[in-house]
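Peer 1: Okay, here's the structure, questions in a sec.
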Amino acid sequence: MVGVLISLKLTLLRHSPKGLRQTGWVLGALLVLSTWAGVLLATAGAVRVEVQVLTAVGWGVGAVLGPVLMSGAGVLRAEYFTLLPLDRSRLALGLLAAVFPSVASGYLLLALLAAVVPAVALGPLAMAVAVLGALLAWVVVITLARLVYAALGSAMRTWLGVEIAGLQFGLLIGAMLAGWMVVAAAFQTVPLLLAEGLPDDVTAVLAVLPTSWPVRAAEAVGTGRTGTGLAWLLALVLLAALLLALAAVLLRPNLDGRSRRRTRRPLGSRRGRRLLPDTALGAVLGKELRQWWRDPWRALELRSGFYTGVVFGVFSAVSGDFAVVAPLSGLVIALMICLAACNLYGQDGSAVWVSIVNQRPDTVTADVRGRQLAVVLLVLPPAAVVSVVLVLVSDAAWAWPVVAAGLPALAGVASGIAVLVSAVGVSPGVDPRARTGPNDAGGDMGLQAQVALWGTLLLVLPTAVALVVGFVALPGWGPWAAVAVGVLNGALGYGLLGRLTTGYLATRLPTVYTRIRYGRNDDTGARGTLGWFETSSQQAEEKAREAKLAERRARAERRMTPTGRP
Amino acid sequence: MTQTETTSPALELRGLRRQFGDKVAVDDIDLVVPRGSFFGLVGPNGAGKTTSLSMAVGLLRPTAGRAMVLGTDVWADPIGAKTALGVLPDGLALPERLTGGELLDYWGRLRGMPRAVVEDRAAELLRILELDEAERLGTVVLEYSTGMRKKIGLATALLHSPRVLVLDEPYEAVDPVSARVLTSILRRFVAAGGSVVMSSHVMSLVEQLCDRVAIIARGQVLAAGTLAEVRGAGTLEDRFVSLVGERRLEEEDLTWLGS
Ligand SMILES: Nc1ncnc2c1ncn2[C@@H]1O[C@H](COP(=O)(O)OP(=O)(O)OP(=O)(O)O)[C@@H](O)[C@H]1O
Ligand SMILES: [Mg+2]
C-alpha cells in the first residue's frame, strides 16, 4: 500500500519531473493567494482572525505531512554523511537549515504572514509583532515538519516510528478515499465561514495551536496588553528553541544502521509453535504471522490499512452530509487487505528459495493458503471490532447486516486477490537485510495496486447488489439475507482466487525467484490475463529501475560539473 | 529401488547452460558427481559456480541442458529430485524475522517431518553449531552475523537428512572451531554414504576434504576428475593458477597506495 503512493510519484516524475515541479509552484502560489484573499474578504475583525487561524493550521498540517508524499530519494539523508569528519549535532542543524531556502517554505512563510492583515487595524506595533510572530511560527512549523519526516526515516527502526508512518500513510490514503466528503462540506460552509466565523468550540481548539500564536500576540499588543503579547512571542521563541534542540539530537545520523536490538524475546517465540497444526499449512501460517508481527515493513502495511479505515471514519463523520457511512469504516479496513498484502513475495525477498528446495506435493497450496489465512486472521478481528464499536456508537442499527455481509466478502476476496497479485506481479524491493527506508520493501507497484483494488471491488459486487436489493426491494429481513451472499462471496473469493494462484505457482516458484533475485523474467509460459499482468508488471519494474538509475546518474553528473548547483 | 536409483550418479549436469541476456554465465557444463564422493567446485569470482549450482538444485531455470539428482531430472520431476537434496545457497534471504529454532521448525513442517523428530534434531543442530545461545536470547536471523547465517543455513540443509548435499561456499565466514565441526559433520555424512558438492575459494580446504574436484572459469569446465588427476604433481592452487591465468601486481601498479 505504501508502494501505491510512491509509485504514483514515481510515475509522475518519470513522465515529467519539470512539469510536476511547475504544477506544484502554480498550485502553491494559488493557495497563498486564496489564503490572503480569505483573510482579506472576511467581513468582521473577529471572523478575520478566525479565518487566518484556520488557514495557518491548514498550512502547518500541510507542511508537516507534505514532505512524506513529495520527497523521495532526492532528500539528503543524514546517513549519507556519517563518515564525514563533522560534529554530529552541527550536521543535524545544517541539514535542517538546508530545508528553509526552498520554494515550498517560501510559500509557507508568505501564507503565515497573512497574520499581518488582522493586525492592520491595531496599529504599526501590532503589525510588527504579527510579522515577528509569523517568522517564529515559520521556524516552528518547518522544524516540526523536518522532525516528523525524520521520525518517518527512523520509522523502520522504532515501534513509534512505524506507528507514525502508518498514521501518515493512513491519512494520505484515507484522504484520497474520503477527502472529497470533507471538501464538499467545506465548499458549502466557506461563504458561511467568511461571514460568521467558526463555531466557538472549534475556535477554542485552534487558538491553542502555535500557528495561532502570532495573531494572538498582535491582538494583545494592539489592545494595550503588551505583556501578554510579549508572552505569546516568548512562547513561540521557546517552542522554536525546544524544537531546534530536539532536531539537533534527533536528526543526527544514525550510526548503528540496523534495526534497534530488541531487549526481549520476539513475540510468539515461546508458545505459538504448539498451537499451530503440524502440517505445511501450519508451518506457513506460523511463519507469516510472525513476519507480520515482527517485520516493521509488514507492520507498516497493516497499520496503514487500519488508519486508512479510521481516517475514513473521521472524515465522513465530520463531513455532516456523509456521516451516515461512518459506521462502515471497518469495511474499509478489510478492503485494505488487498493493498497491504499485494506484495507478499516481494516483501520476503529471495527467501522464496526455501519453498522451492523443500517442494513437496502440498507446498505451493500451503504457501498460498497460509499467506491468505494469516492476513485474514490479522485484519478481520480489528475490522470487526471497529465496525461493532462504530455501529453501536452511532446507533446505526441499519448497518449491522451491511457489516455482517461486507466483512466476510471483503476479507475473502481481498486476501485472494492479494496473494494472486503478490505471485503474478511480484515486485522485489531492496534485499530484506539492506532495507532502511519505509519504501524499501517493493518497487513500482502502481499497476499491482490498481489491479488489486479494482479487482477486489469488482468481485464483491454480488454482495453489494444483494444488500441494495435487500434494502430496496425486500421486506425487513431483506438485508439479512444478503449476509448469506456475503459469506458465500467471501468463501468463493478466498477459495477460487487462491486456487488460481496455486495453479499459477505450481510450476513457477522458480520464476518468482528469478524475478526477485535477478530482476528479470525469462519465463514466458503464462498466457491470457495472467500472462499480460506478469509481463506488464515486470516491464514497469524494469522501467522504474532504469529511471532510478538514470536519475542517480544525472544527479552524480550534476555534482561533478562545477557549474551545477552543489 | 529401481535400477537408475541405485546406479545413477549423485548429481549429473548435462550440457547445462545459462544466459543472462547476451552474457553467457554458464556455457554448456557437463559434470558428474559419483555417489559417495566429496566433490569440490573451484573457480575465480564470477566463474559461474553459484549459477550452475542454482540450476542444479532447481532454483534457476537453465537456458538449456539437464540436471539430475540420483537419476531424477530436477526440472522434469522437481518434487522427486528435491526429497533427496539438501541445499545451502549463497547470499540469499531467509524468513528474516524468525529465530534459528523457529526457522528449523518451519523447515521441518514444510518437509512433513514428525514434530518430535524436528524438535530433537533442531536442538541438537543448534547446540553443535553453537547457535543455542542466540536462540535462548531470541535472536532473529536478521540479527545473525555472517558466519551464524552460514551455520543456520547448514542446519536447515542437514535437518531432513538428505542424501545429496549441495553447498555454495559453506566455509565462508565460519570461525575455525565451527569449521572443524562442519568438517567432521561432512566427513561423517560422506562415510555414511552421502554425497557432497561444495564450492569454495580455499584450495587447501578442498585438497584436504574432497576426493574429486572441478575447476571452472568463464562458465566452462577447465579440468575435472579425482583430486590426483586434477592437481597432478603440484598443488591444486598451482594447477588452478596455471589454468585460470596469473595476474601479477606490477612495479608501477598502485604506487599511490600508502604514499
Ligand atoms: N542478474 C544477472 N545479470 C547478468 N549477469 C549476471 C547476473 N547474475 C550473475 N551474472 C553473471 O553470471 C556470472 C556467474 O556468476 P556466479 O554468481 O555464478 O559466479 P560465482 O562463480 O558464484 O562467483 P563467486 O565466486 O564470486 O561467488 C558472472 O559473470 C556474473 O556477472
Ligand atoms: Mg558464488
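In the C-alpha cells, each chain is lettered A, B, ... as it comes, each chain's residues begin at 1, and ligands are numbered from 1 in order of appearance.
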Please build the interface table for chain B against ligand 1 with a cut-off of 9 Å, listing for each qualifying residue the nearest atom pair and the distance in Å to one decimal; count only C-alpha atoms and all ligand atoms, order rows by chain and increasing number, and write it as CSV.

Peer 2:
residue,atom,partner,partner_atom_place_in_ligand_line,distance
B:Arg18,CA,ligand 1,12 (O),8.4
B:Gln19,CA,ligand 1,5 (N),7.8
B:Phe20,CA,ligand 1,4 (C),4.7
B:Gly21,CA,ligand 1,4 (C),7.0
B:Asp22,CA,ligand 1,4 (C),8.6
B:Lys23,CA,ligand 1,5 (N),6.4
B:Val24,CA,ligand 1,12 (O),7.2
B:Ala25,CA,ligand 1,12 (O),4.1
B:Val26,CA,ligand 1,14 (C),6.9
B:Val42,CA,ligand 1,21 (O),8.0
B:Gly43,CA,ligand 1,21 (O),6.2
B:Pro44,CA,ligand 1,25 (O),5.6
B:Asn45,CA,ligand 1,26 (O),3.5
B:Gly46,CA,ligand 1,19 (O),3.4
B:Ala47,CA,ligand 1,21 (O),3.8
B:Gly48,CA,ligand 1,18 (O),3.1
B:Lys49,CA,ligand 1,21 (O),3.6
B:Thr50,CA,ligand 1,22 (O),3.6
B:Thr51,CA,ligand 1,18 (O),3.6
B:Ser52,CA,ligand 1,18 (O),6.3
B:Leu53,CA,ligand 1,18 (O),8.0
B:Ser54,CA,ligand 1,18 (O),8.3
B:Asp90,CA,ligand 1,27 (O),7.7
B:Asp168,CA,ligand 1,22 (O),8.0
B:Glu169,CA,ligand 1,27 (O),7.9
B:Ser199,CA,ligand 1,22 (O),8.2
B:Ser200,CA,ligand 1,25 (O),7.8
B:His201,CA,ligand 1,25 (O),7.1
B:Ile216,CA,ligand 1,21 (O),8.1
B:Ala217,CA,ligand 1,21 (O),7.7
B:Arg218,CA,ligand 1,29 (O),7.2
B:Gly219,CA,ligand 1,14 (C),7.0

Peer 1: Take the residues from that selection and write them out as a PDB file, in the first residue's frame, keeping C-alpha atoms.

Peer 2:
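Saved file out_24.pdb follows:
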ATOM      1  CA  ARG B  18      22.560 -20.210 -18.636  1.00  0.00           C
ATOM      2  CA  GLN B  19      22.486 -16.845 -20.351  1.00  0.00           C
ATOM      3  CA  PHE B  20      21.615 -13.501 -18.804  1.00  0.00           C
ATOM      4  CA  GLY B  21      20.608 -11.540 -21.870  1.00  0.00           C
ATOM      5  CA  ASP B  22      23.657 -11.796 -24.118  1.00  0.00           C
ATOM      6  CA  LYS B  23      26.003 -12.774 -21.344  1.00  0.00           C
ATOM      7  CA  VAL B  24      26.726 -16.489 -21.068  1.00  0.00           C
ATOM      8  CA  ALA B  25      27.181 -17.178 -17.357  1.00  0.00           C
ATOM      9  CA  VAL B  26      27.328 -20.964 -17.679  1.00  0.00           C
ATOM     10  CA  VAL B  42      36.507 -24.183  -7.593  1.00  0.00           C
ATOM     11  CA  GLY B  43      36.878 -21.208  -9.884  1.00  0.00           C
ATOM     12  CA  PRO B  44      37.538 -17.463  -9.858  1.00  0.00           C
ATOM     13  CA  ASN B  45      34.879 -14.911  -8.907  1.00  0.00           C
ATOM     14  CA  GLY B  46      32.143 -14.782 -11.499  1.00  0.00           C
ATOM     15  CA  ALA B  47      33.119 -18.176 -12.949  1.00  0.00           C
ATOM     16  CA  GLY B  48      29.543 -19.417 -12.780  1.00  0.00           C
ATOM     17  CA  LYS B  49      29.678 -21.633  -9.692  1.00  0.00           C
ATOM     18  CA  THR B  50      26.644 -20.159  -7.976  1.00  0.00           C
ATOM     19  CA  THR B  51      24.729 -20.049 -11.228  1.00  0.00           C
ATOM     20  CA  SER B  52      25.499 -23.722 -12.007  1.00  0.00           C
ATOM     21  CA  LEU B  53      24.599 -24.909  -8.524  1.00  0.00           C
ATOM     22  CA  SER B  54      21.365 -22.865  -8.572  1.00  0.00           C
ATOM     23  CA  ASP B  90      24.984 -18.282  -1.121  1.00  0.00           C
ATOM     24  CA  ASP B 168      27.702 -22.960  -2.009  1.00  0.00           C
ATOM     25  CA  GLU B 169      30.758 -21.721  -0.076  1.00  0.00           C
ATOM     26  CA  SER B 199      32.082 -24.668  -3.969  1.00  0.00           C
ATOM     27  CA  SER B 200      34.955 -22.966  -2.232  1.00  0.00           C
ATOM     28  CA  HIS B 201      37.754 -20.488  -2.714  1.00  0.00           C
ATOM     29  CA  ILE B 216      35.608 -23.834 -13.822  1.00  0.00           C
ATOM     30  CA  ALA B 217      36.200 -20.397 -15.278  1.00  0.00           C
ATOM     31  CA  ARG B 218      34.131 -18.200 -17.577  1.00  0.00           C
ATOM     32  CA  GLY B 219      31.318 -20.738 -17.383  1.00  0.00           C
TER      33      GLY B 219
END

Peer 1: Would you pick out the contacts of Leu171 of chain A at 8 Å or less, using only C-alpha atoms, so that residues sharing its chain but fewer than 4 positions from it are not included, and give the list as a PDB file with all heavy atoms, in the first residue's frame?

Peer 2:
ATOM      1  N   LEU A 167       0.248   6.039  10.446  1.00  0.00           N
ATOM      2  CA  LEU A 167      -0.777   7.076  10.559  1.00  0.00           C
ATOM      3  C   LEU A 167      -0.706   8.030   9.373  1.00  0.00           C
ATOM      4  O   LEU A 167      -1.723   8.417   8.796  1.00  0.00           O
ATOM      5  CB  LEU A 167      -0.583   7.837  11.870  1.00  0.00           C
ATOM      6  CG  LEU A 167      -1.632   8.882  12.207  1.00  0.00           C
ATOM      7  CD1 LEU A 167      -3.001   8.228  12.292  1.00  0.00           C
ATOM      8  CD2 LEU A 167      -1.305   9.571  13.513  1.00  0.00           C
ATOM      9  N   ALA A 175      -7.496  10.171   2.999  1.00  0.00           N
ATOM     10  CA  ALA A 175      -7.884  11.438   2.387  1.00  0.00           C
ATOM     11  C   ALA A 175      -8.249  11.235   0.916  1.00  0.00           C
ATOM     12  O   ALA A 175      -9.173  11.860   0.398  1.00  0.00           O
ATOM     13  CB  ALA A 175      -6.753  12.453   2.508  1.00  0.00           C
ATOM     14  N   TYR A 307      -5.297   2.573   9.848  1.00  0.00           N
ATOM     15  CA  TYR A 307      -5.516   4.019   9.966  1.00  0.00           C
ATOM     16  C   TYR A 307      -6.298   4.574   8.786  1.00  0.00           C
ATOM     17  O   TYR A 307      -7.009   5.570   8.918  1.00  0.00           O
ATOM     18  CB  TYR A 307      -4.187   4.755  10.131  1.00  0.00           C
ATOM     19  CG  TYR A 307      -3.578   4.553  11.493  1.00  0.00           C
ATOM     20  CD1 TYR A 307      -2.308   4.035  11.645  1.00  0.00           C
ATOM     21  CD2 TYR A 307      -4.292   4.876  12.643  1.00  0.00           C
ATOM     22  CE1 TYR A 307      -1.747   3.835  12.903  1.00  0.00           C
ATOM     23  CE2 TYR A 307      -3.753   4.686  13.895  1.00  0.00           C
ATOM     24  CZ  TYR A 307      -2.470   4.163  14.021  1.00  0.00           C
ATOM     25  OH  TYR A 307      -1.937   3.974  15.263  1.00  0.00           O
ATOM     26  N   THR A 308      -6.170   3.956   7.626  1.00  0.00           N
ATOM     27  CA  THR A 308      -6.975   4.398   6.499  1.00  0.00           C
ATOM     28  C   THR A 308      -8.456   4.297   6.856  1.00  0.00           C
ATOM     29  O   THR A 308      -9.239   5.217   6.614  1.00  0.00           O
ATOM     30  CB  THR A 308      -6.673   3.542   5.257  1.00  0.00           C
ATOM     31  OG1 THR A 308      -5.293   3.673   4.924  1.00  0.00           O
ATOM     32  CG2 THR A 308      -7.510   3.991   4.074  1.00  0.00           C
ATOM     33  N   VAL A 311      -9.287   7.019   9.447  1.00  0.00           N
ATOM     34  CA  VAL A 311      -9.369   8.344   8.834  1.00  0.00           C
ATOM     35  C   VAL A 311     -10.648   8.466   8.009  1.00  0.00           C
ATOM     36  O   VAL A 311     -11.334   9.498   8.033  1.00  0.00           O
ATOM     37  CB  VAL A 311      -8.125   8.602   7.956  1.00  0.00           C
ATOM     38  CG1 VAL A 311      -8.318   9.828   7.086  1.00  0.00           C
ATOM     39  CG2 VAL A 311      -6.903   8.773   8.837  1.00  0.00           C
TER      40      VAL A 311
END

Peer 1: Select residues of chain A: the criterion is any atom within 6 Å of an atom of chain B, counting only C-alpha atoms; output as a list in words.

Peer 2: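 Close to chain B, chain A has Arg265, Thr279, Ala280, Ala283, Gln291, Ser350, Ala351, Gln359, Arg360 and Pro510 of chain A.
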
Peer 1: Counting only C-alpha atoms, what is within 10 Å of segment 127-133 of chain B, bar same-chain residues fewer than 3 positions away, as JSON, numbers by chain?

Peer 2: {"B": [100, 101, 121, 122, 123, 124, 136, 137, 138, 139, 144, 148, 149, 151, 152, 154, 155, 177, 178, 179, 181, 182, 185]}

Peer 1: Show me, as a count of residues only, the residues that have an atom within 8 Å of segment 396-410 of chain A when counting only C-alpha atoms, minus same-chain residues fewer than 3 positions from it.

Peer 2: 33
